[in-house]
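Participant: Structure in structure tokens, see below.
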Amino acid sequence: MNKDIKILVADDHPMLLKGLKDELISSNYQGVLTANNGAEALEKIVSERPDIAILDIEMPLLTGFEVINKCLEEGIKTKFIVLTSHKENRYIYKAKSLNISGYLLKDEPFSEIQNCIEQIAKNETYFSSTFNSVFENEISPEIEKLKLLSPSERTIVRMIANGKSSKEMAESLLISVRTIQKHRTNIIQKLNLSSDQDALNNWVISNKSILSSI
């Protein structure tokens with residue numbers, strides 16, 4: 001592949017940042033830029049317009065996701081790879097919703113970064129096997145369950161996610177607490193949850209990131 005492409009790497013851990021830059025240079029990538037926080041990454045992406053930006057999620061000043069969001073708002077064509085230690089659902093769903101080009105874990109070998117860059121250079125996407133597994137086996141099934149809910153039930157779920165009690169929901173929606181409880185029972189059945197009193201609240205907490213999809 002043509003390695004005469006401009007790549008920005010952003011991470012707030014100096015040793016990791018230097019190591020990744022050195023690996024890229026030793027692999028004959030010609031234009032490698034670095035940033036040690038999110039604000040610096042955004043500034044360099046805006047001014048230098050790299051072909052690819054490899055971003056950590058948690059960085060000072062701006063997170064990797066915030067950098068990507070701001071670039072998308074500005075219509076910047078840089079393609080993004082998230083390089084992180086996070087395997088949790090909320091991070092993977094957020095990355096998927098941003099339509100990024102790659103998602104890799106820091107404990108994977110450098111060859112995976114090379115593979116990812118090569119695929120992105122061909123206008124393809126590349127995600128770690130963990131990313132694909134979590135999305136397909138943990139996130140996607142819950143999204144499908146949410147599609148079974150009625151508009152009223154989806155409203156209830158969103159209000160639960162915002163910390164509203166049954167009484168507060170009833171007052172806001174101008175219905176009785178008994179009707180709220182009936183909705184909760186129906187939601188529990190459709191989501192195939194246990195009848196435990198906290199089952200629905202616990203499910204909402206675990207899947208709060210995907211509730212924006214309903």
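Going through the structure tokens in order, the chains are called A, B, and so on, while each chain numbers its residues from 1 and the ligands are numbered from 1 in the order shown.
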Please report, as JSON, numbers by chain, each residue of chain A to which DSSP assigns helix (DSSP H, G or I) when run on this structure's backbone.
Facilitator: {"A": [14, 15, 16, 17, 18, 19, 20, 21, 22, 23, 24, 25, 26, 38, 39, 40, 41, 42, 43, 44, 45, 46, 47, 48, 64, 65, 66, 67, 68, 69, 70, 71, 72, 73, 89, 90, 91, 92, 93, 94, 95, 96, 97, 110, 111, 112, 113, 114, 115, 116, 117, 118, 119, 120, 121, 129, 130, 131, 132, 133, 134, 135, 136, 137, 138, 139, 140, 141, 142, 143, 144, 145, 146, 151, 152, 153, 154, 155, 156, 157, 158, 159, 160, 161, 166, 167, 168, 169, 170, 171, 172, 173, 177, 178, 179, 180, 181, 182, 183, 184, 185, 186, 187, 188, 189, 190, 199, 200, 201, 202, 203, 204, 205, 206, 208, 209, 210, 211, 212, 213]}
Participant: Env of stretch 202-206 of chain A: 8 Å cut, atoms = only C-alpha atoms, seq-sep filter 2 positions within chain, self excluded. Answer as a PyMOL selection string.
Facilitator: chain A and resi 157+160-161+198-200+208
Participant: Any idea what's packed within 12 Å of A:Met169, counting only C-alpha atoms, ignoring anything in its chain fewer than 2 positions away? Could you give it as an MDAnalysis selection string?
Facilitator: chainID A and resid 152:153 155:167 171:181 183:184
Participant: Between atom CA of A:Tyr93 and atom CA of A:Val9, what is the spacing in Å?
Facilitator: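 Going from atom CA of A:Val9 over to atom CA of A:Tyr93, I get 22.3 Å.
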Participant: A:Leu20: which residues within 12 Å, counting only C-alpha atoms, same-chain residues fewer than 6 positions away excluded, as a ChimeraX atom specification?
Facilitator: /A:7-11,13-14,26-27,29,32-35,54-55,83,106,109-111,113-114
Participant: Expressed in Å to a single decimal, how great is the separation between atom CA of A:Glu43 and atom CA of A:Gly64?
Facilitator: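 Answer for the atom CA of A:Glu43 to atom CA of A:Gly64 separation: 12.8 Å.
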Participant: Could you pull out the strand (DSSP E or B) residues of stretch 17-106 of chain A, going by DSSP on the backbone, and write them as a PyMOL selection string?
Facilitator: chain A and resi 31-35+52-55+79-84+102-105
Participant: Those residues you just picked out, can you put them in a file as a PDB file, in the first residue's frame with N, CA, C and O atoms?
Facilitator:
ATOM      1  N   GLY A  31       4.326  10.477   7.162  1.00  0.00           N
ATOM      2  CA  GLY A  31       3.901  11.668   7.902  1.00  0.00           C
ATOM      3  C   GLY A  31       3.186  11.297   9.183  1.00  0.00           C
ATOM      4  O   GLY A  31       1.996  10.983   9.173  1.00  0.00           O
ATOM      5  N   VAL A  32       3.895  11.294  10.306  1.00  0.00           N
ATOM      6  CA  VAL A  32       3.317  10.903  11.591  1.00  0.00           C
ATOM      7  C   VAL A  32       3.317  12.103  12.528  1.00  0.00           C
ATOM      8  O   VAL A  32       4.373  12.648  12.867  1.00  0.00           O
ATOM      9  N   LEU A  33       2.132  12.526  12.943  1.00  0.00           N
ATOM     10  CA  LEU A  33       1.969  13.627  13.883  1.00  0.00           C
ATOM     11  C   LEU A  33       1.540  13.057  15.237  1.00  0.00           C
ATOM     12  O   LEU A  33       0.941  11.984  15.300  1.00  0.00           O
ATOM     13  N   THR A  34       1.803  13.791  16.309  1.00  0.00           N
ATOM     14  CA  THR A  34       1.386  13.327  17.633  1.00  0.00           C
ATOM     15  C   THR A  34       0.700  14.450  18.406  1.00  0.00           C
ATOM     16  O   THR A  34       0.916  15.634  18.140  1.00  0.00           O
ATOM     17  N   ALA A  35      -0.113  14.039  19.372  1.00  0.00           N
ATOM     18  CA  ALA A  35      -0.768  14.982  20.290  1.00  0.00           C
ATOM     19  C   ALA A  35      -0.936  14.278  21.621  1.00  0.00           C
ATOM     20  O   ALA A  35      -1.217  13.067  21.664  1.00  0.00           O
ATOM     21  N   ILE A  52      -5.657   9.857   8.510  1.00  0.00           N
ATOM     22  CA  ILE A  52      -6.135   8.986   9.578  1.00  0.00           C
ATOM     23  C   ILE A  52      -5.717   9.561  10.929  1.00  0.00           C
ATOM     24  O   ILE A  52      -4.594  10.045  11.078  1.00  0.00           O
ATOM     25  N   ALA A  53      -6.608   9.512  11.907  1.00  0.00           N
ATOM     26  CA  ALA A  53      -6.270   9.899  13.285  1.00  0.00           C
ATOM     27  C   ALA A  53      -6.526   8.704  14.197  1.00  0.00           C
ATOM     28  O   ALA A  53      -7.609   8.112  14.166  1.00  0.00           O
ATOM     29  N   ILE A  54      -5.515   8.344  14.979  1.00  0.00           N
ATOM     30  CA  ILE A  54      -5.614   7.246  15.938  1.00  0.00           C
ATOM     31  C   ILE A  54      -5.746   7.876  17.316  1.00  0.00           C
ATOM     32  O   ILE A  54      -4.817   8.533  17.795  1.00  0.00           O
ATOM     33  N   LEU A  55      -6.894   7.706  17.955  1.00  0.00           N
ATOM     34  CA  LEU A  55      -7.195   8.426  19.187  1.00  0.00           C
ATOM     35  C   LEU A  55      -7.480   7.490  20.354  1.00  0.00           C
ATOM     36  O   LEU A  55      -8.203   6.498  20.204  1.00  0.00           O
ATOM     37  N   LYS A  79     -10.270  10.046   8.720  1.00  0.00           N
ATOM     38  CA  LYS A  79     -10.868   8.799   9.181  1.00  0.00           C
ATOM     39  C   LYS A  79     -10.298   8.446  10.554  1.00  0.00           C
ATOM     40  O   LYS A  79      -9.117   8.674  10.811  1.00  0.00           O
ATOM     41  N   PHE A  80     -11.138   7.883  11.418  1.00  0.00           N
ATOM     42  CA  PHE A  80     -10.755   7.725  12.813  1.00  0.00           C
ATOM     43  C   PHE A  80     -10.633   6.267  13.239  1.00  0.00           C
ATOM     44  O   PHE A  80     -11.491   5.438  12.922  1.00  0.00           O
ATOM     45  N   ILE A  81      -9.551   6.025  13.971  1.00  0.00           N
ATOM     46  CA  ILE A  81      -9.345   4.744  14.656  1.00  0.00           C
ATOM     47  C   ILE A  81      -9.329   5.036  16.150  1.00  0.00           C
ATOM     48  O   ILE A  81      -8.590   5.910  16.607  1.00  0.00           O
ATOM     49  N   VAL A  82     -10.141   4.340  16.907  1.00  0.00           N
ATOM     50  CA  VAL A  82     -10.082   4.435  18.366  1.00  0.00           C
ATOM     51  C   VAL A  82      -9.167   3.318  18.873  1.00  0.00           C
ATOM     52  O   VAL A  82      -9.356   2.153  18.537  1.00  0.00           O
ATOM     53  N   LEU A  83      -8.162   3.703  19.653  1.00  0.00           N
ATOM     54  CA  LEU A  83      -7.227   2.754  20.249  1.00  0.00           C
ATOM     55  C   LEU A  83      -7.346   2.899  21.758  1.00  0.00           C
ATOM     56  O   LEU A  83      -6.970   3.919  22.327  1.00  0.00           O
ATOM     57  N   THR A  84      -7.887   1.886  22.420  1.00  0.00           N
ATOM     58  CA  THR A  84      -8.276   2.039  23.818  1.00  0.00           C
ATOM     59  C   THR A  84      -8.141   0.735  24.586  1.00  0.00           C
ATOM     60  O   THR A  84      -7.936  -0.340  23.997  1.00  0.00           O
ATOM     61  N   GLY A 102     -12.298   2.420  12.594  1.00  0.00           N
ATOM     62  CA  GLY A 102     -11.616   1.322  13.273  1.00  0.00           C
ATOM     63  C   GLY A 102     -11.691   1.438  14.780  1.00  0.00           C
ATOM     64  O   GLY A 102     -11.800   2.543  15.330  1.00  0.00           O
ATOM     65  N   TYR A 103     -11.637   0.294  15.462  1.00  0.00           N
ATOM     66  CA  TYR A 103     -11.648   0.256  16.927  1.00  0.00           C
ATOM     67  C   TYR A 103     -10.736  -0.888  17.344  1.00  0.00           C
ATOM     68  O   TYR A 103     -10.994  -2.054  17.030  1.00  0.00           O
ATOM     69  N   LEU A 104      -9.644  -0.547  18.028  1.00  0.00           N
ATOM     70  CA  LEU A 104      -8.661  -1.542  18.433  1.00  0.00           C
ATOM     71  C   LEU A 104      -8.372  -1.434  19.920  1.00  0.00           C
ATOM     72  O   LEU A 104      -8.542  -0.373  20.522  1.00  0.00           O
ATOM     73  N   LEU A 105      -7.924  -2.535  20.495  1.00  0.00           N
ATOM     74  CA  LEU A 105      -7.572  -2.568  21.914  1.00  0.00           C
ATOM     75  C   LEU A 105      -6.064  -2.448  22.085  1.00  0.00           C
ATOM     76  O   LEU A 105      -5.290  -2.970  21.274  1.00  0.00           O
TER      77      LEU A 105
END
Participant: Can you measure atom CA of A:Lys96 to atom CA of A:Glu23 for me? One decimal in Å is fine.
Facilitator: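 Distance between the two atoms: 27.0 Å.
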Participant: Under the rule that only C-alpha atoms are counted, which of A:Thr63, A:Gln189, A:Ser195, A:Asn123 is the nearest residue to A:Leu149?
Facilitator: A:Gln189
Participant: Report as a list in words all protein, DNA and RNA residues lying within 12 Å of A:Val134, evaluated on only C-alpha atoms, omitting residues in the same chain fewer than 3 positions from it.
Facilitator: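 Near A:Val134, the qualifying residues are His86, Lys87, Glu88, Asn89, Arg90, Tyr91, Ile92, Tyr93, Lys96, Phe127, Ser128, Ser129, Thr130, Phe131, Asn137, Glu138, Ile139, Ser140, Pro141 and Glu142 of chain A.
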